[in-house]
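Novice: Structure supplied as target20.cif; contents: mmCIF, C-alpha atoms.
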data_model
#
loop_
_atom_site.label_atom_id
_atom_site.label_comp_id
_atom_site.auth_asym_id
_atom_site.auth_seq_id
_atom_site.Cartn_x
_atom_site.Cartn_y
_atom_site.Cartn_z
CA MET A 1 67.57 75.56 88.26
CA ARG A 2 69.32 78.92 88.47
CA ALA A 3 69.16 78.87 92.29
CA ALA A 4 70.75 75.43 92.25
CA LYS A 5 73.59 76.71 90.07
CA TRP A 6 74.30 79.57 92.46
CA ALA A 7 74.42 77.01 95.28
CA VAL A 8 77.05 75.09 93.33
CA ALA A 9 79.06 78.28 92.93
CA ALA A 10 78.94 78.98 96.67
CA ILE A 11 80.06 75.46 97.49
CA MET A 12 82.99 75.68 95.05
CA GLY A 13 84.04 78.98 96.55
CA ALA A 14 84.06 77.60 100.07
CA ALA A 15 86.04 74.48 99.19
CA THR A 16 89.81 74.59 99.72
CA SER A 17 90.81 71.04 98.83
CA ALA A 18 89.70 68.11 96.71
CA ALA A 19 89.86 64.36 97.04
CA ALA A 20 93.18 63.09 95.84
CA ALA A 21 91.80 60.13 94.01
CA ASP A 22 89.43 62.12 91.72
CA LEU A 23 87.10 59.14 91.67
CA PRO A 24 83.47 59.41 90.53
CA ALA A 25 81.15 60.76 93.21
CA PHE A 26 77.47 60.20 92.48
CA VAL A 27 74.45 60.99 94.58
CA GLY A 28 73.07 57.58 95.35
CA GLN A 29 69.80 56.35 96.73
CA THR A 30 67.70 59.37 97.64
CA VAL A 31 64.55 59.46 99.72
CA ALA A 32 62.87 62.87 99.98
CA ALA A 33 60.09 63.97 102.29
CA GLN A 34 58.39 67.35 102.46
CA SER A 35 56.31 69.03 105.15
CA ASP A 36 52.66 69.80 104.47
CA ASP A 37 53.35 73.53 104.12
CA LYS A 38 56.34 72.75 101.80
CA ASN A 39 58.60 74.98 103.89
CA TRP A 40 60.80 72.05 104.95
CA GLN A 41 62.32 69.22 102.93
CA ALA A 42 64.44 66.23 104.04
CA ILE A 43 66.63 64.18 101.67
CA PHE A 44 68.53 60.98 102.45
CA ASN A 45 71.15 59.77 99.97
CA THR A 46 73.74 57.02 99.76
CA ASP A 47 76.33 55.82 97.22
CA LEU A 48 77.95 52.48 96.46
CA ARG A 49 81.60 52.78 95.37
CA PHE A 50 84.08 50.02 94.63
CA THR A 51 87.75 50.40 93.64
CA THR A 52 90.27 47.68 92.81
CA PHE A 53 93.96 48.33 92.11
CA ASN A 54 97.42 46.86 91.60
CA SER A 55 100.75 48.64 91.76
CA LYS A 56 104.40 48.44 92.79
CA ARG A 57 104.01 51.02 95.54
CA VAL A 58 103.31 49.66 99.01
CA VAL A 59 101.38 52.25 100.99
CA PRO A 60 101.85 53.84 103.51
CA VAL A 61 105.61 53.47 102.93
CA VAL A 62 107.30 55.69 100.35
CA PRO A 63 109.21 53.57 97.83
CA ASN A 64 112.85 54.61 98.38
CA GLY A 65 114.47 52.33 100.93
CA ASN A 66 111.23 50.38 101.37
CA PRO A 67 112.06 46.68 101.86
CA LEU A 68 108.44 45.78 101.04
CA ALA A 69 108.63 47.27 97.54
CA VAL A 70 109.84 43.93 96.16
CA PHE A 71 106.19 42.85 96.29
CA ARG A 72 103.50 43.99 93.87
CA PRO A 73 100.58 45.08 96.06
CA HIS A 74 96.98 44.75 95.04
CA GLY A 75 93.78 45.45 96.88
CA SER A 76 90.30 46.90 96.87
CA GLN A 77 87.97 49.24 98.69
CA PHE A 78 84.21 49.15 99.16
CA TYR A 79 82.84 52.48 100.35
CA ILE A 80 79.27 53.47 101.22
CA PRO A 81 78.90 57.15 102.12
CA TYR A 82 75.48 58.28 103.24
CA GLY A 83 73.92 61.53 104.33
CA LEU A 84 70.83 63.36 105.49
CA SER A 85 70.04 66.97 104.63
CA VAL A 86 67.19 69.13 105.90
CA THR A 87 66.33 72.46 104.25
CA GLY A 88 63.75 74.90 105.52
CA THR A 89 62.41 78.41 104.92
CA PRO A 90 60.65 79.45 108.14
CA ASN A 91 59.94 82.79 106.43
CA PRO A 92 60.65 84.24 102.95
CA ASP A 93 63.79 86.04 104.14
CA LEU A 94 65.53 83.11 105.88
CA LYS A 95 66.80 79.78 104.60
CA LEU A 96 68.21 77.11 106.96
CA GLU A 97 70.22 74.08 105.84
CA PHE A 98 71.41 71.16 107.97
CA THR A 99 73.41 68.14 106.80
CA LEU A 100 74.80 64.97 108.36
CA ARG A 101 77.25 62.72 106.52
CA SER A 102 79.04 59.52 107.49
CA GLY A 103 79.80 56.19 105.90
CA TYR A 104 81.06 52.62 106.02
CA VAL A 105 84.32 51.48 104.42
CA SER A 106 86.03 48.14 103.90
CA SER A 107 89.62 48.27 102.57
CA SER A 108 92.24 45.61 101.94
CA GLN A 109 95.80 45.60 100.56
CA THR A 110 97.87 42.46 99.91
CA PHE A 111 101.57 42.36 99.10
CA GLY A 112 103.26 38.96 98.87
CA PRO A 113 102.12 36.87 101.85
CA PHE A 114 100.98 39.90 103.86
CA THR A 115 97.53 41.49 104.01
CA GLY A 116 96.24 44.55 105.80
CA SER A 117 92.49 45.07 106.09
CA PHE A 118 90.05 47.35 107.86
CA SER A 119 86.27 47.58 108.04
CA GLY A 120 84.28 50.12 109.99
CA THR A 121 82.49 53.44 110.06
CA THR A 122 84.03 56.74 109.06
CA ASP A 123 83.85 60.03 110.93
CA THR A 124 80.56 61.92 111.00
CA VAL A 125 80.41 65.42 109.50
CA LEU A 126 77.70 67.88 110.59
CA SER A 127 77.02 71.28 109.04
CA ALA A 128 74.50 74.07 109.42
CA THR A 129 74.03 77.16 107.23
CA ALA A 130 71.71 80.14 107.54
CA THR A 131 71.21 82.53 104.60
CA TYR A 132 69.32 85.83 104.88
CA TYR A 133 67.49 87.28 101.84
CA GLY A 134 65.98 90.37 103.43
CA ILE A 135 68.68 92.82 102.26
CA THR A 136 68.52 94.16 98.74
CA GLY A 137 71.63 93.40 96.70
CA ILE A 138 73.32 91.07 99.17
CA GLN A 139 72.56 87.66 100.69
CA PRO A 140 74.72 87.13 103.82
CA PHE A 141 75.21 83.63 105.24
CA VAL A 142 76.87 82.02 108.24
CA SER A 143 77.87 78.38 108.48
CA VAL A 144 79.51 75.94 110.86
CA ASN A 145 80.99 72.53 110.05
CA ALA A 146 82.01 69.91 112.61
CA ASN A 147 83.76 66.55 112.36
CA LEU A 148 82.74 64.03 115.01
CA PRO A 149 85.31 61.24 115.66
CA THR A 150 83.12 58.20 114.98
CA GLY A 151 85.80 56.51 112.84
CA THR A 152 89.02 54.66 113.74
CA PRO A 153 92.25 56.72 113.55
CA ALA A 154 94.56 54.11 115.16
CA LEU A 155 95.38 51.01 113.07
CA PHE A 156 97.79 48.57 114.69
CA GLY A 157 99.90 45.80 113.18
CA PHE A 158 98.99 44.80 109.65
CA GLN A 159 95.96 47.11 109.74
CA ARG A 160 98.37 49.95 108.98
CA PHE A 161 98.51 48.68 105.40
CA ALA A 162 94.75 49.12 105.01
CA ARG A 163 95.48 52.83 104.45
CA LEU A 164 95.42 52.74 100.68
CA ASP A 165 97.15 54.94 98.15
CA PRO A 166 95.39 58.34 98.27
CA ASP A 167 95.93 58.67 94.51
CA VAL A 168 93.82 55.55 93.94
CA ALA A 169 91.34 55.01 96.77
CA ASP A 170 88.23 57.07 97.44
CA ILE A 171 89.10 57.38 101.14
CA SER A 172 92.56 56.81 102.66
CA ASP A 173 92.17 57.47 106.37
CA TYR A 174 89.38 56.22 108.59
CA GLY A 175 89.16 58.71 111.41
CA GLN A 176 90.51 61.91 112.91
CA GLY A 177 89.72 64.05 115.89
CA TYR A 178 86.99 66.54 116.63
CA THR A 179 86.97 69.49 114.24
CA VAL A 180 84.85 72.64 114.15
CA GLY A 181 84.96 75.34 111.48
CA PRO A 182 82.75 78.46 111.52
CA SER A 183 82.58 80.61 108.39
CA ALA A 184 80.67 83.57 107.02
CA GLY A 185 80.16 85.17 103.65
CA ALA A 186 77.70 86.67 101.21
CA ASN A 187 76.22 86.12 97.77
CA ILE A 188 76.16 89.39 95.83
CA PRO A 189 74.04 89.34 92.64
CA ILE A 190 75.72 91.71 90.19
CA ASN A 191 72.94 91.23 87.63
CA ASP A 192 70.49 88.49 86.71
CA LYS A 193 73.30 86.45 85.12
CA LEU A 194 76.33 87.08 87.35
CA VAL A 195 76.76 86.44 91.08
CA LEU A 196 79.80 87.13 93.28
CA THR A 197 80.30 84.98 96.41
CA LEU A 198 82.74 85.90 99.20
CA SER A 199 83.48 83.75 102.23
CA ALA A 200 86.02 83.36 105.05
CA GLY A 201 86.41 80.88 107.87
CA TYR A 202 88.49 79.40 110.68
CA THR A 203 89.00 75.70 111.42
CA TYR A 204 89.98 74.26 114.81
CA LEU A 205 91.26 70.66 114.99
CA ALA A 206 91.37 68.93 118.36
CA PRO A 207 94.06 66.34 119.23
CA TYR A 208 93.37 62.66 118.59
CA ASN A 209 95.24 59.39 119.16
CA THR A 210 96.74 57.20 116.47
CA GLU A 211 99.24 54.32 116.44
CA GLY A 212 102.99 54.64 116.99
CA PHE A 213 106.02 52.59 117.95
CA VAL A 214 107.42 52.42 121.46
CA ASP A 215 110.96 52.31 120.07
CA PRO A 216 111.86 55.88 119.03
CA ALA A 217 114.22 54.49 116.36
CA LEU A 218 111.32 52.78 114.61
CA GLU A 219 109.15 55.86 115.01
CA GLY A 220 111.82 57.88 113.22
CA ASN A 221 112.40 55.24 110.52
CA GLN A 222 108.97 54.23 109.25
CA PRO A 223 110.22 51.82 106.53
CA LEU A 224 112.21 49.87 109.12
CA GLY A 225 109.24 49.86 111.48
CA PHE A 226 106.85 48.57 108.82
CA ALA A 227 109.38 45.94 107.81
CA ALA A 228 109.57 44.82 111.42
CA ILE A 229 105.79 44.40 111.42
CA ALA A 230 105.86 42.37 108.22
CA PHE A 231 108.99 40.23 108.61
CA GLY A 232 109.57 39.86 112.33
CA PRO A 233 107.83 39.86 115.66
CA THR A 234 105.46 42.79 115.79
CA PRO A 235 107.17 45.53 117.79
CA VAL A 236 105.41 46.89 120.81
CA GLU A 237 103.08 49.64 119.66
CA ARG A 238 101.37 52.40 121.57
CA LEU A 239 98.97 55.28 121.13
CA VAL A 240 100.50 58.64 120.22
CA GLN A 241 98.75 61.97 120.12
CA VAL A 242 98.44 63.93 116.89
CA ARG A 243 97.43 67.58 116.88
CA GLN A 244 96.62 68.86 113.41
CA ALA A 245 97.09 72.53 112.56
CA ASP A 246 94.35 75.14 112.86
CA SER A 247 93.80 77.21 109.71
CA VAL A 248 92.12 80.30 108.28
CA SER A 249 90.68 80.36 104.78
CA GLY A 250 88.99 82.66 102.31
CA SER A 251 87.46 82.35 98.86
CA VAL A 252 86.10 84.44 95.99
CA THR A 253 83.73 82.93 93.41
CA LEU A 254 82.06 84.26 90.28
CA GLY A 255 79.13 82.36 88.80
CA TYR A 256 77.60 83.10 85.37
CA THR A 257 74.54 81.63 83.68
CA ASP A 258 73.04 82.54 80.32
CA GLY A 259 70.63 80.10 78.69
CA PRO A 260 72.51 76.88 77.85
CA LEU A 261 75.81 78.22 79.29
CA TYR A 262 76.88 77.97 82.92
CA ALA A 263 80.35 78.93 84.15
CA THR A 264 81.97 79.50 87.51
CA ALA A 265 85.48 80.41 88.65
CA SER A 266 86.83 80.52 92.19
CA ALA A 267 90.05 81.42 93.98
CA ASN A 268 90.80 79.98 97.42
CA TYR A 269 93.42 80.67 100.07
CA LEU A 270 94.27 78.67 103.20
CA ALA A 271 96.92 79.40 105.83
CA GLN A 272 97.77 77.27 108.84
CA VAL A 273 98.15 79.27 112.04
CA SER A 274 99.61 76.53 114.26
CA PRO A 275 102.09 73.67 113.72
CA LEU A 276 101.43 69.96 113.36
CA PHE A 277 102.31 68.03 116.54
CA ARG A 278 102.96 64.29 116.84
CA ASP A 279 103.61 62.84 120.28
CA PHE A 280 103.89 66.44 121.59
CA LYS A 281 106.73 67.21 119.14
CA VAL A 282 106.49 69.78 116.37
CA ILE A 283 106.59 68.08 112.97
CA SER A 284 105.97 71.01 110.65
CA ARG A 285 103.76 73.97 109.83
CA ARG A 286 102.24 73.75 106.39
CA GLY A 287 102.97 76.48 103.89
CA ASP A 288 100.13 78.57 102.52
CA ASN A 289 97.76 76.83 100.10
CA THR A 290 96.31 78.70 97.13
CA SER A 291 94.03 77.15 94.54
CA GLY A 292 91.80 78.04 91.65
CA THR A 293 88.91 76.22 89.99
CA ALA A 294 87.06 76.88 86.73
CA PHE A 295 83.98 75.00 85.54
CA VAL A 296 82.03 75.39 82.28
CA SER A 297 79.00 73.44 81.08
CA TYR A 298 77.01 73.90 77.87
CA ASN A 299 73.82 72.34 76.53
CA PHE A 300 74.40 72.15 72.76
CA THR A 301 70.99 70.58 72.13
CA ASP A 302 68.22 69.07 74.21
CA GLU A 303 70.01 65.72 73.80
CA PHE A 304 73.70 66.65 74.01
CA SER A 305 75.65 68.51 76.71
CA ALA A 306 79.27 68.69 77.86
CA SER A 307 81.33 70.17 80.69
CA VAL A 308 84.97 70.96 81.49
CA VAL A 309 86.53 71.49 84.94
CA GLY A 310 90.08 72.57 85.72
CA THR A 311 91.88 73.08 89.04
CA ILE A 312 95.30 74.39 90.07
CA THR A 313 96.60 74.01 93.62
CA HIS A 314 99.88 75.44 94.92
CA PHE A 315 101.52 74.68 98.27
CA GLU A 316 104.22 76.97 99.61
CA ASN A 317 107.24 75.45 101.36
CA ASP A 318 106.60 74.12 104.86
CA PHE A 319 108.26 75.28 108.06
CA VAL A 320 110.09 72.44 109.83
CA PRO A 321 112.20 72.07 113.01
CA GLY A 322 115.80 73.20 112.46
CA ALA A 323 118.58 70.65 112.90
CA ILE A 324 121.19 73.30 113.83
CA LEU A 325 119.47 76.65 114.21
CA PRO A 326 117.95 77.25 117.65
CA ILE A 327 114.78 78.77 116.25
CA PRO A 328 111.72 76.50 116.63
CA LEU A 329 110.85 76.38 112.92
CA ARG A 330 112.68 77.30 109.73
CA ILE A 331 111.62 77.48 106.11
CA GLN A 332 111.84 74.16 104.34
CA ARG A 333 114.34 73.58 101.55
CA PRO A 334 113.15 74.92 98.16
CA ASN A 335 111.20 72.91 95.60
CA ILE A 336 109.81 70.23 97.91
CA ASN A 337 106.10 71.02 98.04
CA SER A 338 103.97 70.33 95.04
CA ASN A 339 101.76 72.03 92.51
CA VAL A 340 98.77 69.95 91.42
CA TYR A 341 96.99 70.49 88.09
CA ARG A 342 93.82 68.68 87.05
CA LEU A 343 91.61 68.78 83.96
CA GLY A 344 88.40 66.79 83.58
CA VAL A 345 85.90 66.59 80.71
CA ASP A 346 82.63 64.75 80.23
CA ALA A 347 79.79 64.61 77.75
CA THR A 348 76.23 63.30 77.97
CA TYR A 349 73.99 62.18 75.13
CA ARG A 350 70.32 61.30 75.60
CA VAL A 351 69.84 58.14 73.53
CA THR A 352 66.16 57.82 74.43
CA PRO A 353 63.93 59.90 76.70
CA ASP A 354 64.88 57.53 79.55
CA LEU A 355 68.51 56.59 78.77
CA SER A 356 71.60 58.86 78.75
CA LEU A 357 75.19 57.80 78.08
CA GLY A 358 78.50 59.62 77.99
CA PRO A 359 82.29 59.36 78.27
CA THR A 360 84.50 60.88 80.97
CA ALA A 361 88.22 61.66 80.92
CA SER A 362 90.64 63.33 83.32
CA ILE A 363 94.32 64.01 83.85
CA ARG A 364 96.05 65.15 87.04
CA TYR A 365 99.70 66.13 87.35
CA ARG A 366 101.65 66.52 90.62
CA ASP A 367 105.05 68.04 89.84
CA ARG A 368 106.82 67.18 93.11
CA ASN A 369 106.31 65.16 96.27
CA GLY A 370 103.57 66.61 98.45
CA PHE A 371 103.19 66.02 102.18
CA LEU A 372 99.70 64.90 103.29
CA PRO A 373 99.44 65.85 106.98
CA THR A 374 96.24 63.85 107.53
CA LEU A 375 98.09 60.66 106.50
CA MET A 376 101.53 61.72 107.81
CA GLN A 377 103.16 60.70 104.51
CA PHE A 378 104.29 62.06 101.17
CA ALA A 379 102.25 61.68 98.00
CA PRO A 380 104.79 61.11 95.23
CA ALA A 381 105.23 63.19 92.10
CA ASN A 382 103.11 61.49 89.45
CA THR A 383 100.66 61.78 86.60
CA ARG A 384 97.21 60.25 86.87
CA TYR A 385 95.02 59.47 83.86
CA GLY A 386 91.36 58.45 84.01
CA LEU A 387 89.07 57.28 81.24
CA GLY A 388 85.55 55.97 81.68
CA GLY A 389 81.87 56.36 81.09
CA VAL A 390 78.57 57.13 82.79
CA ALA A 391 75.06 55.77 82.16
CA GLN A 392 71.75 56.97 83.59
CA TYR A 393 68.37 55.33 83.14
CA ALA A 394 65.03 56.68 84.32
CA VAL A 395 62.97 53.63 85.27
CA THR A 396 60.01 55.83 86.18
CA ASP A 397 59.47 59.51 86.83
CA ALA A 398 60.46 58.85 90.45
CA LEU A 399 63.16 56.16 90.08
CA THR A 400 66.54 56.75 88.36
CA LEU A 401 69.52 54.41 88.12
CA LYS A 402 73.09 55.63 87.57
CA GLY A 403 76.35 53.83 87.06
CA SER A 404 79.92 54.68 86.14
CA VAL A 405 83.20 52.94 85.45
CA GLU A 406 86.68 54.45 85.24
CA ARG A 407 90.03 52.98 84.29
CA ILE A 408 92.92 54.69 86.13
CA TRP A 409 96.62 54.79 85.26
CA ILE A 410 99.19 56.38 87.60
CA ASN A 411 102.83 56.88 86.60
CA THR A 412 105.16 57.86 89.44
CA ARG A 413 108.33 59.65 88.36
CA ARG A 414 111.80 59.05 89.74
CA ILE A 415 112.99 61.81 92.08
CA PRO A 416 116.13 61.44 94.23
CA ASP A 417 116.00 61.84 97.99
CA GLN A 418 116.16 65.51 98.96
CA VAL A 419 119.18 67.05 100.69
CA ASP A 420 118.75 69.23 103.79
CA ALA A 421 120.32 72.57 102.84
CA SER A 422 121.28 73.41 106.45
CA THR A 423 123.11 70.14 107.17
CA GLY A 424 123.95 68.68 103.76
CA LEU A 425 122.40 65.39 104.85
CA VAL A 426 120.27 63.24 102.60
CA LEU A 427 116.71 62.85 103.89
CA PRO A 428 115.71 59.20 103.32
CA GLY A 429 112.23 58.57 101.99
CA THR A 430 111.71 62.03 100.47
CA GLY A 431 112.35 60.81 96.91
CA THR A 432 110.55 58.34 94.68
CA ILE A 433 111.41 55.63 92.20
CA ALA A 434 109.65 55.15 88.87
CA LEU A 435 106.51 53.06 89.42
CA ALA A 436 103.27 52.30 87.62
CA SER A 437 99.85 51.63 89.13
CA GLN A 438 96.48 50.73 87.64
CA ALA A 439 92.99 50.72 89.10
CA TRP A 440 89.33 50.25 88.24
CA ALA A 441 86.76 52.47 89.95
CA PHE A 442 83.03 51.69 89.90
CA ALA A 443 80.16 53.77 91.26
CA GLY A 444 76.45 53.01 91.31
CA SER A 445 73.41 54.79 92.61
CA LEU A 446 69.67 54.63 92.89
CA THR A 447 67.62 57.81 93.21
CA TYR A 448 64.02 57.81 94.32
CA ARG A 449 61.96 60.93 94.80
CA PHE A 450 58.40 61.33 95.98
#
Could you quickly redo this structure as structure tokens?

Specialist:
Amino acid sequence: MRAAKWAVAAIMGAATSAAAADLPAFVGQTVAAQSDDKNWQAIFNTDLRFTTFNSKRVVPVVPNGNPLAVFRPHGSQFYIPYGLSVTGTPNPDLKLEFTLRSGYVSSSQTFGPFTGSFSGTTDTVLSATATYYGITGIQPFVSVNANLPTGTPALFGFQRFARLDPDVADISDYGQGYTVGPSAGANIPINDKLVLTLSAGYTYLAPYNTEGFVDPALEGNQPLGFAAIAFGPTPVERLVQVRQADSVSGSVTLGYTDGPLYATASANYLAQVSPLFRDFKVISRRGDNTSGTAFVSYNFTDEFSASVVGTITHFENDFVPGAILPIPLRIQRPNINSNVYRLGVDATYRVTPDLSLGPTASIRYRDRNGFLPTLMQFAPANTRYGLGGVAQYAVTDALTLKGSVERIWINTRRIPDQVDASTGLVLPGTGTIALASQAWAFAGSLTYRF
């Protein structure tokens, strides 16, 4: 169990972002196989996740100036992620880990008489990690992660509206380009209760093609372009190339375990080293991203346990093309990028030896609009509340069923369109109007081990 906790600490230290929706993520159906010498183990897992929502915010268009906002959109998403992991210890000093993850998603959003839908596979993520235990007092590791473009990044016509609100849906984009990210680090046991984990990495993102308008005026005015799709003849669309920014990252994590108490805290830093290109034009270069995570769990009795997790993420101002200055990029106007704060709590009570129940609750606050480069849109300033419950039932020693339900409320605050400090011009679409959204999120899983 202690080794598993240190693995959790290492994973938290390496992570630099979290899913925007904060939806439940359960390990689903699991099939495990082990070699005869028990040096290798393979595990297959899959989840079943379903989300349904209704709101006044039509995505992917920001509300201000959006002619489609007169409708009240509603929709749903069915998502089945699955993965395969292989872990081996060819000798006592070396541990090898390989994982493959992909999935299937079906999303739909309806507003008035219009519907956008998409069904298909997501990208495939591969990773490999090697950890060496032959050095006293330090456990170095190297890792590489790769994203294979098996999804669909270009959605034409009404399919554009199948990109759901990232604050609600479990997954909001359905494909990107090839990505590779090597990293290295070390676990340093300070004593038998405390472990320090250090890691650093670099991520390269290759160009990929997505949809765009032939008419440059529509490309520069997304609300007008989307309105043209919905209300008039569909404008001629084309493929445009997007080149996401490369980045460097680093993290520091401390993990502590002492009997019924487990705690971990991590600090992460990410800096983009190249700008974001769309159709061979510089869009922006993201400001530095710093974040911190703290997690505490405690077993009060053999039947009752609880945990608390908190995260803080800060984005520095972006660098954007200057309207007047001849320099390629200039610092963005102040107070545009967001800080995101999240707090989640849960408790579990074992009703019988086979049945466990417990409530979950979370709150997430985004103080200002935040640009999401993967979706090429702003996430509005809002507060998200979640309240739900989890149940787990052990049918046999090998078979376990899990299920969860969460009710989600999202309140978007009114923020006026921002003014460009260098030109004095109002930037349409950078503000928000007051809106309310609700959603239900369900997750189910089946775990089988043998």

Novice: Between region 335-394 of chain A and region 292-304 of chain A, at 8 Å or less, what are the per-residue closest atom pairs and their distances in Å? Count only C-alpha atoms, order by chain and rising residue number, and return it as CSV.

Specialist:
residue,atom,partner,partner_atom,distance
A:Ala347,CA,A:Phe304,CA,7.4
A:Thr348,CA,A:Phe304,CA,5.8
A:Tyr349,CA,A:Phe304,CA,4.6
A:Arg350,CA,A:Glu303,CA,4.8
A:Val351,CA,A:Glu303,CA,7.6

Novice: Rounded to one decimal in Å, what is the spacing between CA of Val273 (chain A) and CA of Thr129 (chain A)?

Specialist: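 Computed distance, CA of Val273 (chain A) to CA of Thr129 (chain A), equals 24.7 Å.
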
Novice: Residue by residue, what does the PyMOL selection byres ((chain A and resi 243-247) around 12) grab here? Present the result as a VMD selection string.

Specialist: chain A and resid 16 176 to 183 200 to 210 240 to 242 248 to 250 269 to 289 372 to 376

Novice: Once the PyMOL selection byres ((chain A and resi 103-115) around 6) is applied to the coordinates I shared, what remains selected? I want it as number ranges by chain.

Specialist: A: 71-82, 102, 116-122, 162

Novice: Pull C-alpha atoms from the residues just selected and write them as a CSV table (one decimal), keeping the file's coordinate frame.

Specialist:
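Result file part_12.csv:
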chain,number,residue,atom,x,y,z
A,71,PHE,CA,106.2,42.8,96.3
A,72,ARG,CA,103.5,44.0,93.9
A,73,PRO,CA,100.6,45.1,96.1
A,74,HIS,CA,97.0,44.8,95.0
A,75,GLY,CA,93.8,45.4,96.9
A,76,SER,CA,90.3,46.9,96.9
A,77,GLN,CA,88.0,49.2,98.7
A,78,PHE,CA,84.2,49.2,99.2
A,79,TYR,CA,82.8,52.5,100.4
A,80,ILE,CA,79.3,53.5,101.2
A,81,PRO,CA,78.9,57.2,102.1
A,82,TYR,CA,75.5,58.3,103.2
A,102,SER,CA,79.0,59.5,107.5
A,116,GLY,CA,96.2,44.6,105.8
A,117,SER,CA,92.5,45.1,106.1
A,118,PHE,CA,90.0,47.4,107.9
A,119,SER,CA,86.3,47.6,108.0
A,120,GLY,CA,84.3,50.1,110.0
A,121,THR,CA,82.5,53.4,110.1
A,122,THR,CA,84.0,56.7,109.1
A,162,ALA,CA,94.8,49.1,105.0

Novice: May I have the residues within 6 Å of Thr253 (chain A) as a list of chain:residue names, using all atoms listed in the file and disregarding those fewer than 5 positions away in the same chain?

Specialist: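 In the requested format, the answer is A:Gly13, A:Leu196, A:Thr197, A:Ala265, A:Ser266.
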
Novice: Using only C-alpha atoms, which of the listed residues (A:Gly157, A:Gly88, A:Gly151, A:Gly310) sits closest to Phe226 (chain A)?

Specialist: A:Gly157

Novice: Can you measure CA of Ser445 (chain A) to CA of Leu100 (chain A) for me? One decimal in Å is fine.

Specialist: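 Straight-line distance from CA of Ser445 (chain A) to CA of Leu100 (chain A) works out to 18.8 Å.
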
Novice: When you draw a straight line from CA of Phe161 (chain A) to CA of Arg413 (chain A), how long is it in Å?

Specialist: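 A separation of 22.5 Å between them.
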
Novice: Selection in question (the file shown): the PyMOL selection byres ((chain A and resi 401) around 7). Which residues does it include, as a PyMOL selection string?

Specialist: chain A and resi 392-394+399-400+402-403+445-447

Novice: Pick from A:Gly259, A:Pro189, A:Pro380, A:Gly386: nearest to Leu435 (chain A), with only C-alpha atoms counted?

Specialist: A:Pro380

Novice: Between A:Thr257, A:Asn39, A:Thr360, A:Thr313, which one has atoms that come closest to Val405 (chain A), using all atoms listed in the file?

Specialist: A:Thr360

Novice: Counting only C-alpha atoms, which of A:Ala267, A:Ala184, A:Val340, A:Val125 gets nearest to Pro140 (chain A)?

Specialist: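 Checking each candidate against Pro140 (chain A), we get A:Ala184 as the closest.
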
Novice: Which residue gives the smallest distance to Glu316 (chain A) among A:Gly370, A:Leu164, A:Phe158, A:Ser143, with only C-alpha atoms counted?

Specialist: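 Under the stated criterion, the closest residue is A:Gly370.
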
Novice: Rebuild region 118-129 of chain A to N, CA and C atoms - output it as a PDB file, in the frame of the given file, please.

Specialist:
ATOM      1  N   PHE A 118      90.815  46.586 106.871  1.00  0.00           N
ATOM      2  CA  PHE A 118      90.050  47.350 107.860  1.00  0.00           C
ATOM      3  C   PHE A 118      88.619  47.467 107.387  1.00  0.00           C
ATOM      4  N   SER A 119      87.683  47.353 108.306  1.00  0.00           N
ATOM      5  CA  SER A 119      86.270  47.580 108.040  1.00  0.00           C
ATOM      6  C   SER A 119      85.679  48.344 109.213  1.00  0.00           C
ATOM      7  N   GLY A 120      84.909  49.359 108.919  1.00  0.00           N
ATOM      8  CA  GLY A 120      84.280  50.120 109.990  1.00  0.00           C
ATOM      9  C   GLY A 120      83.665  51.402 109.482  1.00  0.00           C
ATOM     10  N   THR A 121      83.127  52.175 110.400  1.00  0.00           N
ATOM     11  CA  THR A 121      82.490  53.440 110.060  1.00  0.00           C
ATOM     12  C   THR A 121      83.536  54.539 109.905  1.00  0.00           C
ATOM     13  N   THR A 122      83.186  55.565 109.184  1.00  0.00           N
ATOM     14  CA  THR A 122      84.030  56.740 109.060  1.00  0.00           C
ATOM     15  C   THR A 122      83.562  57.808 110.045  1.00  0.00           C
ATOM     16  N   ASP A 123      84.282  58.916 110.083  1.00  0.00           N
ATOM     17  CA  ASP A 123      83.850  60.030 110.930  1.00  0.00           C
ATOM     18  C   ASP A 123      82.516  60.579 110.438  1.00  0.00           C
ATOM     19  N   THR A 124      81.843  61.300 111.315  1.00  0.00           N
ATOM     20  CA  THR A 124      80.560  61.920 111.000  1.00  0.00           C
ATOM     21  C   THR A 124      80.744  63.429 110.871  1.00  0.00           C
ATOM     22  N   VAL A 125      80.269  63.990 109.771  1.00  0.00           N
ATOM     23  CA  VAL A 125      80.410  65.420 109.500  1.00  0.00           C
ATOM     24  C   VAL A 125      79.033  66.075 109.608  1.00  0.00           C
ATOM     25  N   LEU A 126      78.934  67.108 110.419  1.00  0.00           N
ATOM     26  CA  LEU A 126      77.700  67.880 110.590  1.00  0.00           C
ATOM     27  C   LEU A 126      77.937  69.299 110.074  1.00  0.00           C
ATOM     28  N   SER A 127      76.913  69.889 109.472  1.00  0.00           N
ATOM     29  CA  SER A 127      77.020  71.280 109.040  1.00  0.00           C
ATOM     30  C   SER A 127      75.667  71.959 109.146  1.00  0.00           C
ATOM     31  N   ALA A 128      75.718  73.258 109.356  1.00  0.00           N
ATOM     32  CA  ALA A 128      74.500  74.070 109.420  1.00  0.00           C
ATOM     33  C   ALA A 128      74.796  75.413 108.771  1.00  0.00           C
ATOM     34  N   THR A 129      73.860  75.889 107.942  1.00  0.00           N
ATOM     35  CA  THR A 129      74.030  77.160 107.230  1.00  0.00           C
ATOM     36  C   THR A 129      72.733  77.950 107.295  1.00  0.00           C
TER      37      THR A 129
END
